[in-house]
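Okay, query_30.cif is below, mmCIF, C-alpha atoms:
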```
data_target
#
loop_
_atom_site.label_atom_id
_atom_site.label_comp_id
_atom_site.auth_asym_id
_atom_site.auth_seq_id
_atom_site.Cartn_x
_atom_site.Cartn_y
_atom_site.Cartn_z
CA MET P 1 12.13 -20.08 8.89
CA PRO P 2 11.48 -21.34 12.40
CA ALA P 3 8.81 -23.99 12.80
CA LEU P 4 5.34 -22.59 12.58
CA VAL P 5 2.43 -22.99 14.91
CA ASN P 6 1.17 -26.52 14.78
CA GLN P 7 -1.99 -26.61 16.84
CA VAL P 8 -5.31 -28.07 15.93
CA ASP P 9 -7.39 -25.18 17.25
CA LEU P 10 -5.96 -22.09 15.68
CA LEU P 11 -7.49 -18.80 16.68
CA THR P 12 -8.50 -16.50 13.89
CA ALA P 13 -9.32 -12.93 13.06
CA THR P 14 -10.27 -11.66 9.62
CA VAL P 15 -8.95 -8.20 8.85
CA GLU P 16 -10.41 -6.61 5.73
CA VAL P 17 -8.71 -3.56 4.23
CA ALA P 18 -9.78 -2.24 0.81
CA GLY P 19 -12.16 -5.14 0.35
CA VAL P 20 -9.40 -7.73 0.70
CA PRO P 21 -10.13 -9.99 3.69
CA VAL P 22 -7.03 -11.43 5.33
CA LEU P 23 -7.53 -14.41 7.62
CA MET P 24 -4.98 -14.20 10.44
CA ARG P 25 -4.36 -17.48 12.25
CA THR P 26 -2.44 -17.75 15.49
CA GLY P 27 -2.15 -20.22 18.31
CA ASP P 28 -1.64 -17.45 20.84
CA PRO P 29 -4.82 -16.11 22.50
CA ASP P 30 -3.05 -13.02 23.86
CA PHE P 31 -1.84 -12.15 20.40
CA LEU P 32 -5.30 -12.68 18.97
CA ARG P 33 -6.56 -10.03 21.41
CA THR P 34 -3.74 -7.76 20.26
CA LEU P 35 -4.96 -8.13 16.68
CA GLN P 36 -8.56 -7.52 17.67
CA ASP P 37 -7.54 -4.37 19.55
CA ARG P 38 -5.38 -3.19 16.68
CA TYR P 39 -7.90 -3.49 13.85
CA PRO P 40 -11.31 -2.91 15.47
CA GLY P 41 -12.98 -1.20 12.51
CA PHE P 42 -11.55 -3.64 10.02
CA LEU P 43 -12.58 -6.98 11.52
CA THR P 44 -15.00 -8.89 9.34
CA PRO P 45 -15.68 -12.24 11.04
CA GLY P 46 -17.00 -14.91 8.74
CA GLN P 47 -15.94 -13.11 5.60
CA GLU P 48 -14.35 -15.51 3.14
CA ALA P 49 -10.63 -14.78 3.11
CA GLN P 50 -8.70 -13.90 -0.03
CA ILE P 51 -5.40 -14.13 1.83
CA THR P 52 -4.26 -16.22 4.79
CA PHE P 53 -1.61 -15.33 7.35
CA ASP P 54 -0.23 -18.09 9.58
CA MET P 55 1.46 -16.34 12.46
CA GLU P 56 3.97 -17.67 14.96
CA ILE P 57 4.76 -15.42 17.88
CA LEU P 58 8.32 -15.08 19.13
CA GLU P 59 9.42 -13.49 22.37
CA THR P 60 12.58 -11.89 21.00
CA ASN P 61 13.61 -9.95 17.91
CA PHE P 62 15.61 -11.58 15.14
CA ASN P 63 18.13 -8.75 15.23
CA GLU P 64 18.10 -4.97 15.34
CA PRO P 65 14.43 -4.01 15.74
CA ASP P 66 14.97 -0.77 13.83
CA ALA P 67 16.67 -2.41 10.85
CA ASP P 68 15.25 -1.54 7.44
CA ILE P 69 12.69 -3.80 5.86
CA GLU P 70 14.17 -6.22 3.34
CA VAL P 71 11.92 -7.65 0.64
CA THR P 72 13.19 -10.04 -2.00
CA GLN P 73 11.47 -12.24 -4.53
CA ASN P 74 12.30 -15.54 -6.14
CA ASN P 75 9.86 -17.33 -8.45
CA GLY P 76 6.79 -15.76 -6.92
CA ARG P 77 7.88 -16.32 -3.32
CA TRP P 78 8.61 -13.17 -1.43
CA MET P 79 10.79 -13.06 1.64
CA LEU P 80 10.02 -10.18 3.98
CA ALA P 81 12.27 -9.38 6.91
CA ARG P 82 12.84 -6.82 9.59
CA GLY P 83 14.24 -7.06 13.09
CA ASP P 84 10.85 -7.96 14.50
CA PHE P 85 9.56 -10.32 11.82
CA ARG P 86 10.36 -12.80 9.09
CA ALA P 87 7.70 -13.73 6.57
CA GLU P 88 7.30 -15.71 3.38
CA TRP P 89 4.57 -14.62 1.00
CA ASP P 90 3.45 -17.07 -1.68
CA SER P 91 1.65 -14.88 -4.19
CA ALA P 92 0.15 -17.82 -6.09
CA LYS P 93 -1.35 -19.44 -3.00
CA ARG P 94 -2.13 -16.10 -1.38
CA HIS P 95 -0.56 -17.39 1.78
CA CYS P 96 1.90 -15.79 4.17
CA ARG P 97 3.85 -17.54 6.91
CA ILE P 98 4.96 -15.08 9.53
CA ALA P 99 7.24 -15.39 12.52
CA GLN P 100 7.10 -12.19 14.49
CA THR P 101 7.31 -10.60 17.91
CA ARG P 102 4.16 -9.60 19.74
CA SER P 103 4.43 -6.10 18.34
CA PRO P 104 1.40 -5.16 16.25
CA TYR P 105 3.72 -2.90 14.27
CA ALA P 106 5.27 -6.04 12.81
CA THR P 107 1.83 -7.22 11.69
CA ASP P 108 1.11 -3.76 10.27
CA SER P 109 4.28 -3.93 8.20
CA VAL P 110 3.60 -7.38 6.79
CA LEU P 111 0.01 -6.40 6.05
CA ARG P 112 1.15 -3.25 4.21
CA ILE P 113 3.73 -5.10 2.16
CA VAL P 114 1.38 -7.89 1.15
CA HIS P 115 -1.36 -5.43 0.22
CA ALA P 116 1.13 -3.35 -1.77
CA LEU P 117 2.31 -6.42 -3.66
CA VAL P 118 -1.26 -7.48 -4.40
CA GLN P 119 -2.25 -4.01 -5.59
CA ALA P 120 0.87 -3.56 -7.73
CA SER P 121 -0.46 -6.06 -10.24
CA ARG P 122 -3.88 -4.37 -10.24
CA GLY P 123 -2.76 -0.79 -10.90
CA GLY P 124 -3.16 0.31 -7.29
CA PHE P 125 -0.64 1.32 -4.66
CA LEU P 126 -0.09 2.41 -1.08
CA LEU P 127 1.02 5.96 -0.58
CA HIS P 128 2.67 8.00 2.17
CA ALA P 129 -0.39 10.19 2.41
CA ALA P 130 -3.25 11.18 4.63
CA SER P 131 -6.68 10.88 3.06
CA ALA P 132 -10.20 11.91 3.86
CA VAL P 133 -13.66 11.74 2.32
CA ARG P 134 -15.81 14.84 2.00
CA ASN P 135 -19.00 15.12 -0.04
CA GLN P 136 -18.51 11.54 -1.30
CA LYS P 137 -15.09 12.44 -2.76
CA ALA P 138 -11.71 11.32 -1.47
CA PHE P 139 -8.73 13.65 -1.18
CA LEU P 140 -5.16 12.48 -0.74
CA PHE P 141 -2.50 14.56 1.04
CA ALA P 142 0.96 13.19 0.34
CA GLY P 143 4.28 14.02 1.89
CA GLU P 144 7.15 12.61 3.86
CA SER P 145 7.33 12.82 7.65
CA GLY P 146 6.86 16.40 8.78
CA ALA P 147 5.09 17.52 5.59
CA GLY P 148 1.82 17.93 7.46
CA LYS P 149 -0.19 14.73 6.90
CA SER P 150 -1.34 14.50 10.49
CA THR P 151 -1.76 18.29 10.73
CA ILE P 152 -4.08 18.52 7.72
CA SER P 153 -6.01 15.53 9.07
CA ALA P 154 -6.42 17.15 12.48
CA LEU P 155 -7.68 20.36 10.82
CA ALA P 156 -10.37 18.54 8.84
CA PRO P 157 -13.92 19.83 9.34
CA ALA P 158 -16.55 17.74 11.06
CA ASP P 159 -18.10 16.60 7.81
CA ALA P 160 -14.82 15.08 6.58
CA ILE P 161 -14.24 11.40 7.29
CA LEU P 162 -10.65 10.40 7.92
CA LEU P 163 -9.37 7.42 5.91
CA THR P 164 -5.86 7.61 7.36
CA ASP P 165 -3.35 10.18 8.53
CA GLU P 166 -0.36 8.10 7.39
CA ILE P 167 -0.74 5.44 4.67
CA SER P 168 -3.36 5.84 1.98
CA TYR P 169 -4.66 2.92 -0.01
CA VAL P 170 -5.49 3.54 -3.67
CA CYS P 171 -7.19 0.96 -5.88
CA LYS P 172 -7.91 1.13 -9.58
CA HIS P 173 -11.37 0.22 -10.87
CA GLY P 174 -11.50 0.71 -14.63
CA ASP P 175 -10.51 4.31 -15.23
CA GLN P 176 -11.44 5.32 -11.72
CA TYR P 177 -9.33 5.36 -8.57
CA ARG P 178 -10.79 4.81 -5.12
CA ALA P 179 -9.20 5.57 -1.78
CA PHE P 180 -9.91 3.18 1.08
CA GLY P 181 -9.65 3.66 4.80
CA THR P 182 -6.74 1.94 6.50
CA PRO P 183 -5.91 1.01 10.08
CA PHE P 184 -2.39 2.40 9.63
CA THR P 185 -1.98 5.45 11.84
CA GLY P 186 0.47 8.31 12.12
CA GLU P 187 0.79 10.93 14.80
CA LEU P 188 -2.97 11.12 15.32
CA ASN P 189 -2.93 7.50 16.42
CA LYS P 190 -6.47 7.20 15.12
CA PRO P 191 -7.37 4.48 12.59
CA GLY P 192 -9.27 5.51 9.50
CA GLU P 193 -12.87 4.67 8.79
CA ASN P 194 -13.35 1.49 6.79
CA ILE P 195 -15.02 3.18 3.82
CA SER P 196 -13.99 4.23 0.32
CA ALA P 197 -14.69 6.96 -2.23
CA PRO P 198 -13.49 8.00 -5.68
CA VAL P 199 -10.25 9.97 -5.56
CA SER P 200 -10.93 13.57 -6.52
CA ALA P 201 -7.42 15.00 -6.13
CA LEU P 202 -3.96 14.34 -4.83
CA TYR P 203 -2.32 17.22 -2.98
CA LEU P 204 1.42 17.35 -2.36
CA LEU P 205 1.77 19.01 1.01
CA ALA P 206 4.06 21.91 1.80
CA LYS P 207 3.90 24.13 4.86
CA GLY P 208 4.05 27.84 4.11
CA SER P 209 2.86 31.29 5.08
CA GLU P 210 -0.42 31.17 3.17
CA ASN P 211 -3.00 28.70 1.95
CA ARG P 212 -2.54 28.14 -1.76
CA ILE P 213 -3.05 25.50 -4.44
CA ASP P 214 -0.68 25.36 -7.41
CA THR P 215 -1.14 23.11 -10.39
CA MET P 216 1.71 20.79 -11.36
CA ASP P 217 2.86 19.66 -14.77
CA ALA P 218 2.35 15.98 -15.47
CA ALA P 219 6.01 15.03 -15.23
CA GLY P 220 6.37 16.82 -11.91
CA ALA P 221 3.22 15.11 -10.69
CA VAL P 222 4.60 11.68 -11.59
CA ARG P 223 7.90 12.44 -9.88
CA SER P 224 6.16 13.62 -6.72
CA LEU P 225 3.75 10.71 -6.71
CA LEU P 226 6.51 8.14 -7.15
CA SER P 227 8.52 9.69 -4.34
CA ASN P 228 5.61 8.96 -2.01
CA VAL P 229 4.57 5.51 -3.24
CA LEU P 230 5.58 2.69 -0.89
CA PHE P 231 8.33 0.73 -2.61
CA PHE P 232 9.45 -2.30 -0.67
CA ALA P 233 11.53 -4.33 -3.06
CA LYS P 234 14.35 -3.98 -5.54
CA ASP P 235 12.40 -5.98 -8.05
CA ASP P 236 12.24 -5.09 -11.75
CA GLU P 237 8.69 -6.31 -12.28
CA LEU P 238 7.33 -4.55 -9.22
CA VAL P 239 9.11 -1.31 -10.02
CA GLN P 240 7.80 -1.39 -13.58
CA ALA P 241 4.25 -2.00 -12.36
CA LEU P 242 4.34 0.88 -9.88
CA PHE P 243 6.03 3.17 -12.39
CA HIS P 244 3.32 2.64 -14.97
CA SER P 245 0.58 2.84 -12.31
CA ALA P 246 1.84 6.29 -11.34
CA PHE P 247 1.58 7.48 -14.95
CA GLU P 248 -1.93 6.09 -15.27
CA PHE P 249 -3.01 7.72 -12.02
CA VAL P 250 -1.70 11.15 -13.05
CA GLN P 251 -3.62 10.92 -16.31
CA HIS P 252 -6.89 10.44 -14.43
CA VAL P 253 -6.54 12.37 -11.18
CA PRO P 254 -5.53 16.03 -10.71
CA VAL P 255 -2.28 16.42 -8.79
CA CYS P 256 -1.58 19.80 -7.17
CA ARG P 257 0.76 21.32 -4.63
CA LEU P 258 -1.05 22.45 -1.48
CA THR P 259 0.81 25.03 0.55
CA PHE P 260 -0.87 25.65 3.88
CA VAL P 261 -0.62 27.30 7.23
CA PRO P 262 -1.92 25.22 10.11
CA ASP P 263 -5.44 26.56 10.37
CA THR P 264 -8.81 25.16 9.45
CA GLN P 265 -9.32 27.63 6.57
CA VAL P 266 -7.13 25.49 4.34
CA TRP P 267 -10.07 23.12 4.01
CA GLU P 268 -12.04 25.87 2.25
CA LEU P 269 -9.70 25.35 -0.70
CA ILE P 270 -10.21 21.61 -0.78
CA GLY P 271 -13.00 19.92 -2.62
CA MET D 1 38.58 4.68 -32.99
CA SER D 2 36.39 1.61 -32.50
CA SER D 3 32.61 1.90 -32.77
CA LEU D 4 30.52 1.92 -29.66
CA TYR D 5 27.08 0.35 -29.46
CA VAL D 6 24.39 1.32 -26.99
CA SER D 7 21.29 -0.51 -25.91
CA ARG D 8 18.43 0.28 -23.57
CA ASN D 9 18.36 -1.91 -20.48
CA PRO D 10 15.10 -3.84 -20.93
CA ARG D 11 14.76 -4.23 -17.17
CA VAL D 12 14.07 -0.57 -16.51
CA ALA D 13 10.70 1.15 -16.77
CA ALA D 14 10.55 4.05 -19.21
CA ARG D 15 7.83 6.35 -20.38
CA ILE D 16 7.66 9.72 -22.12
CA LEU D 17 5.38 12.42 -20.77
CA ASP D 18 5.03 15.93 -22.15
CA GLY D 19 8.24 15.37 -24.09
CA GLU D 20 10.17 14.31 -20.98
CA MET D 21 11.57 10.79 -20.90
CA MET D 22 11.34 9.35 -17.42
CA ILE D 23 13.11 6.16 -16.45
CA MET D 24 13.01 4.17 -13.26
CA SER D 25 15.67 1.68 -12.32
CA GLY D 26 14.56 -1.62 -10.85
CA ARG D 27 17.91 -1.87 -9.09
CA ASP D 28 17.23 0.86 -6.56
CA SER D 29 13.97 2.53 -7.68
CA SER D 30 15.91 5.65 -8.70
CA LEU D 31 13.99 7.92 -11.05
CA PHE D 32 15.77 9.66 -13.92
CA THR D 33 14.50 12.39 -16.19
CA LEU D 34 16.37 12.61 -19.48
CA ASN D 35 17.05 15.85 -21.31
CA ARG D 36 16.36 16.13 -25.05
CA THR D 37 19.79 14.81 -26.10
CA ALA D 38 19.65 11.90 -23.69
CA THR D 39 16.11 11.13 -24.82
CA ILE D 40 17.23 10.91 -28.47
CA LEU D 41 20.13 8.72 -27.44
CA TRP D 42 17.83 6.49 -25.40
CA GLN D 43 15.27 6.15 -28.17
CA SER D 44 17.97 5.35 -30.73
CA ALA D 45 19.85 2.87 -28.55
CA ASP D 46 18.86 -0.32 -30.37
CA GLY D 47 22.13 -2.16 -29.77
CA VAL D 48 22.98 -2.44 -33.47
CA THR D 49 23.32 1.16 -34.67
CA PRO D 50 26.82 2.47 -33.87
CA LEU D 51 26.83 5.47 -31.56
CA GLU D 52 28.72 7.41 -34.19
CA ARG D 53 25.82 6.98 -36.62
CA ILE D 54 23.22 7.90 -33.99
CA VAL D 55 25.13 11.11 -33.34
CA GLU D 56 25.52 11.86 -37.03
CA GLN D 57 21.96 11.05 -38.10
CA ARG D 58 19.95 12.11 -35.05
CA ILE D 59 21.81 14.39 -32.66
CA CYS D 60 23.79 16.56 -35.08
CA ILE D 61 20.71 17.16 -37.22
CA GLU D 62 18.56 18.00 -34.21
CA PHE D 63 21.02 20.34 -32.50
CA ASP D 64 23.29 21.61 -35.29
CA VAL D 65 26.46 20.70 -33.39
CA GLU D 66 29.95 19.75 -34.54
CA PRO D 67 30.07 15.91 -34.98
CA ALA D 68 33.33 15.22 -33.13
CA GLN D 69 32.27 17.18 -30.05
CA ALA D 70 28.76 15.71 -30.20
CA LEU D 71 30.19 12.18 -30.32
CA GLN D 72 32.41 12.85 -27.33
CA ASP D 73 29.46 14.25 -25.38
CA ALA D 74 27.27 11.31 -26.41
CA GLU D 75 29.90 8.82 -25.24
CA THR D 76 30.13 10.55 -21.88
CA LEU D 77 26.36 10.52 -21.60
CA ALA D 78 26.11 6.85 -22.58
CA ARG D 79 28.70 5.85 -19.99
CA GLU D 80 26.85 7.86 -17.36
CA LEU D 81 23.57 6.10 -18.20
CA ALA D 82 25.40 2.77 -18.15
CA ASN D 83 26.76 3.57 -14.69
CA HIS D 84 23.17 3.91 -13.54
CA ASP D 85 22.40 0.53 -15.12
CA ILE D 86 19.75 1.96 -17.41
CA MET D 87 21.79 1.57 -20.61
CA GLN D 88 24.30 -0.98 -21.85
CA ILE D 89 27.37 -0.07 -23.89
CA SER D 90 29.67 -2.35 -25.82
CA GLU D 91 32.28 -2.27 -28.56
CA GLU D 92 30.26 -4.94 -30.35
CA PRO D 93 26.61 -4.95 -31.39
CA ILE D 94 24.38 -5.86 -28.45
CA PRO D 95 21.85 -8.58 -29.31
CA ALA D 96 18.28 -8.13 -28.18
CA PRO D 97 17.26 -10.21 -25.16
CA GLY D 98 16.77 -13.84 -26.13
CA VAL D 99 18.94 -13.51 -29.23
CA SER D 100 22.32 -15.28 -29.25
CA ARG D 101 25.40 -13.62 -30.66
#
```

Representation of the structure as structure tokens:
Amino acid sequence: MPALVNQVDLLTATVEVAGVPVLMRTGDPDFLRTLQDRYPGFLTPGQEAQITFDMEILETNFNEPDADIEVTQNNGRWMLARGDFRAEWDSAKRHCRIAQTRSPYATDSVLRIVHALVQASRGGFLLHAASAVRNQKAFLFAGESGAGKSTISALAPADAILLTDEISYVCKHGDQYRAFGTPFTGELNKPGENISAPVSALYLLAKGSENRIDTMDAAGAVRSLLSNVLFFAKDDELVQALFHSAFEFVQHVPVCRLTFVPDTQVWELIG
Amino acid sequence: MSSLYVSRNPRVAARILDGEMMIMSGRDSSLFTLNRTATILWQSADGVTPLERIVEQRICIEFDVEPAQALQDAETLARELANHDIMQISEEPIPAPGVSR
């Protein structure tokens, strides 16, 4: 790791997603503004941090900016790497040292990975899914790129509150699952609202010629869920945790296939 | 013919749901769904029972198949699962993790 910022007066922003405040410290005032612009609805100044990021800003990439994320673990220390960042996450100390470019996408990635690792031990997970709250209930819409996450989000009626059109955040509280808003955006380029609600259903998206909901058997639901959960690491413990979390989730939340045509009437089927 | 022993890889995640055994490999997060025969083999793979006996006492009884053919199929299946790193096979009994030979 390159040397980290070593200034007395570090600048800070606290970014709270899913009730987990992350204190981000940087010596770079321009980058602090980038963070403040990136996470406007998720800034909670003064909130006591559960996690600390110490961030050094680099002017060049480490290597190919489009290289895949690599995440490895050794004795509780996780090494995270992509072309535009290197990070070391100490899960015991809840501390992450990050060397990254000015790109907020690098910060997004580190934030997602750290949150996913934290939630993995709590029965929660991050999911390739849009999500929205309607009538105090959260609905998840999962699918890979092109499945219609942003489309279904854009079609949402006025009384639906968007949590995200790209990466949903699911936490377990007892036997209940809650979906939280995230700042992680897809094609809509619109951050979610920083609220949460109990998850009422998970829909696996498929575009078709009619609006239809089909039930899924439990094994199919687990398979589909796991194919959309964010896995970052080839790590036995992490994989086992997420695997069992998926089974638990399917036993508590209905999982259905939602075939839809791109019109607002699809929302009449939801909720 | 020497006996073959099979053992579940303790590093994988496995769970049965609606009669379907699902297994996820920690190596590459691949998800496997086992059919009925593979599920019996998986559940019986304790590392100390010879494959021949598993076939004779579990698979042949369950499926009413000819033992020699069933053993050949079971060996093929076991090697396939081993290739995916979700099962271990050996010509000697496989001790449980933490147990020395």

(message) Which residues would end up in the selection if the PyMOL selection byres ((chain D) within 7 of (chain P)) were applied here, given that I need the answer as a ChimeraX atom specification?
(response) /D:11-13,17,26-29

Let's have the selection written as an mmCIF file, keeping the file's coordinate frame, with C-alpha atoms.
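Result file follows (selection-v7.cif):
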```
data_model
loop_
_atom_site.group_PDB
_atom_site.id
_atom_site.type_symbol
_atom_site.label_atom_id
_atom_site.label_comp_id
_atom_site.auth_asym_id
_atom_site.auth_seq_id
_atom_site.Cartn_x
_atom_site.Cartn_y
_atom_site.Cartn_z
ATOM 1 C CA ARG D 11 14.760 -4.230 -17.170
ATOM 2 C CA VAL D 12 14.070 -0.570 -16.510
ATOM 3 C CA ALA D 13 10.700 1.150 -16.770
ATOM 4 C CA LEU D 17 5.380 12.420 -20.770
ATOM 5 C CA GLY D 26 14.560 -1.620 -10.850
ATOM 6 C CA ARG D 27 17.910 -1.870 -9.090
ATOM 7 C CA ASP D 28 17.230 0.860 -6.560
ATOM 8 C CA SER D 29 13.970 2.530 -7.680
#
```

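The set of residues that the PyMOL selection byres ((chain P and resi 37-50) around 7) takes from this file is P:Ala13, P:Thr14, P:Val15, P:Glu16, P:Val17, P:Val20, P:Pro21, P:Val22, P:Leu23, P:Arg33, P:Thr34, P:Leu35, P:Gln36, P:Ile51, P:Thr52, P:Pro183, P:Glu193, P:Asn194.
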
(message) From the options D:Ala14, D:Leu81, D:Ala74, D:Leu34, which residue's atoms come nearest to Ile59 in chain D, counting only C-alpha atoms?
(response)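 Of the candidates, the smallest distance to Ile59 in chain D is held by D:Ala74.
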
(request) Given the file shown, determine the residues that the PyMOL selection byres ((chain P and resi 230) around 6) selects; report them as number ranges by chain. (result) P: 126-127, 229, 231

Residue selection dump (C-alpha atoms) as a PDB file, in the coordinates of the input:
```pdb
ATOM      1  CA  LEU P 126      -0.090   2.410  -1.080  1.00  0.00           C
ATOM      2  CA  LEU P 127       1.020   5.960  -0.580  1.00  0.00           C
ATOM      3  CA  VAL P 229       4.570   5.510  -3.240  1.00  0.00           C
ATOM      4  CA  PHE P 231       8.330   0.730  -2.610  1.00  0.00           C
TER       5      PHE P 231
END
```

(message) I want to know what sits within 12 Å of Phe63 in chain D, based on only C-alpha atoms, with residues of the same chain fewer than 6 positions away left out; could you give that as a ChimeraX atom specification?
(response) /D:36-37,40,55-57,69-70

Selection file, C-alpha atoms, as a PDB file, in the frame of the given file:
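And here is the file that came out, again36.pdb:
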```pdb
ATOM      1  CA  ARG D  36      16.360  16.130 -25.050  1.00  0.00           C
ATOM      2  CA  THR D  37      19.790  14.810 -26.100  1.00  0.00           C
ATOM      3  CA  ILE D  40      17.230  10.910 -28.470  1.00  0.00           C
ATOM      4  CA  VAL D  55      25.130  11.110 -33.340  1.00  0.00           C
ATOM      5  CA  GLU D  56      25.520  11.860 -37.030  1.00  0.00           C
ATOM      6  CA  GLN D  57      21.960  11.050 -38.100  1.00  0.00           C
ATOM      7  CA  GLN D  69      32.270  17.180 -30.050  1.00  0.00           C
ATOM      8  CA  ALA D  70      28.760  15.710 -30.200  1.00  0.00           C
TER       9      ALA D  70
END
```

(request) Mind checking which residues fall within 10 Å of Arg134 in chain P, counting all atoms listed in the file, ignoring those fewer than 5 positions away in the same chain, and posting them as a PyMOL selection string? (result) chain P and resi 139+156-162+197+200+270-271

Compile the contact shell of Asp165 in chain P as a CSV table (one decimal) with C-alpha atoms, in the frame of the given file: residues with an atom at most 10 Å away, counting all atoms listed in the file, same-chain residues fewer than 2 positions apart removed.
```csv
chain,number,residue,atom,x,y,z
P,128,HIS,CA,2.7,8.0,2.2
P,129,ALA,CA,-0.4,10.2,2.4
P,130,ALA,CA,-3.2,11.2,4.6
P,131,SER,CA,-6.7,10.9,3.1
P,132,ALA,CA,-10.2,11.9,3.9
P,140,LEU,CA,-5.2,12.5,-0.7
P,141,PHE,CA,-2.5,14.6,1.0
P,142,ALA,CA,1.0,13.2,0.3
P,148,GLY,CA,1.8,17.9,7.5
P,149,LYS,CA,-0.2,14.7,6.9
P,150,SER,CA,-1.3,14.5,10.5
P,151,THR,CA,-1.8,18.3,10.7
P,152,ILE,CA,-4.1,18.5,7.7
P,153,SER,CA,-6.0,15.5,9.1
P,154,ALA,CA,-6.4,17.2,12.5
P,162,LEU,CA,-10.6,10.4,7.9
P,163,LEU,CA,-9.4,7.4,5.9
P,167,ILE,CA,-0.7,5.4,4.7
P,168,SER,CA,-3.4,5.8,2.0
P,181,GLY,CA,-9.6,3.7,4.8
P,182,THR,CA,-6.7,1.9,6.5
P,183,PRO,CA,-5.9,1.0,10.1
P,184,PHE,CA,-2.4,2.4,9.6
P,185,THR,CA,-2.0,5.4,11.8
P,186,GLY,CA,0.5,8.3,12.1
P,187,GLU,CA,0.8,10.9,14.8
P,188,LEU,CA,-3.0,11.1,15.3
P,189,ASN,CA,-2.9,7.5,16.4
P,190,LYS,CA,-6.5,7.2,15.1
P,191,PRO,CA,-7.4,4.5,12.6
P,192,GLY,CA,-9.3,5.5,9.5
```

If we count all atoms listed in the file, what is near Ser245 in chain P at a cut-off of 12 Å, once residues fewer than 6 positions away on the same chain are taken out, given as a compact mmCIF listing (two decimals) with C-alpha atoms, in the coordinates of the input?
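around.txt, written as the output of this step:
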```txt
# COMPACT_ATOMS: atom_id res chain seq x y z
CA GLN P 119 -2.25 -4.01 -5.59
CA ALA P 120 0.87 -3.56 -7.73
CA SER P 121 -0.46 -6.06 -10.24
CA ARG P 122 -3.88 -4.37 -10.24
CA GLY P 123 -2.76 -0.79 -10.90
CA GLY P 124 -3.16 0.31 -7.29
CA PHE P 125 -0.64 1.32 -4.66
CA LEU P 126 -0.09 2.41 -1.08
CA VAL P 170 -5.49 3.54 -3.67
CA CYS P 171 -7.19 0.96 -5.88
CA LYS P 172 -7.91 1.13 -9.58
CA ASP P 175 -10.51 4.31 -15.23
CA TYR P 177 -9.33 5.36 -8.57
CA VAL P 222 4.60 11.68 -11.59
CA LEU P 225 3.75 10.71 -6.71
CA LEU P 226 6.51 8.14 -7.15
CA VAL P 229 4.57 5.51 -3.24
CA LEU P 238 7.33 -4.55 -9.22
CA VAL P 239 9.11 -1.31 -10.02
CA GLN P 251 -3.62 10.92 -16.31
CA HIS P 252 -6.89 10.44 -14.43
CA VAL P 253 -6.54 12.37 -11.18
CA ALA D 13 10.70 1.15 -16.77
CA ARG D 15 7.83 6.35 -20.38
```

(request) For range 7-9 of chain D, work out the shell of residues within 6 Å, counting only C-alpha atoms and skipping chain neighbours fewer than 5 positions away, then give it as a PyMOL selection string. (result) chain D and resi 45-47+86-88

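Rounded to one decimal, CA of Ala68 in chain D and CA of Val6 in chain D lie 17.6 Å from each other.
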
(message) Could you check the closest approach to Arg97 in chain P for each of P:Thr26, P:Gln265, P:Asn74, P:Ser145 and tell me which residue wins, using only C-alpha atoms?
(response)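 So, comparing all the options, the nearest one is P:Thr26.
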
(request) Calculate how many Å separate CA of Ile195 in chain P from CA of Lys93 in chain P, rounding to one decimal. (result)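 About the pair CA of Ile195 in chain P and CA of Lys93 in chain P: they are 27.3 Å apart.
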
(message) So the first atom is CA of Tyr5 in chain D and the second is CA of Ala82 in chain D; what is the distance between them in Å, to one decimal place?
(response)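 Atom-to-atom, CA of Tyr5 in chain D to CA of Ala82 in chain D, that is 11.7 Å.
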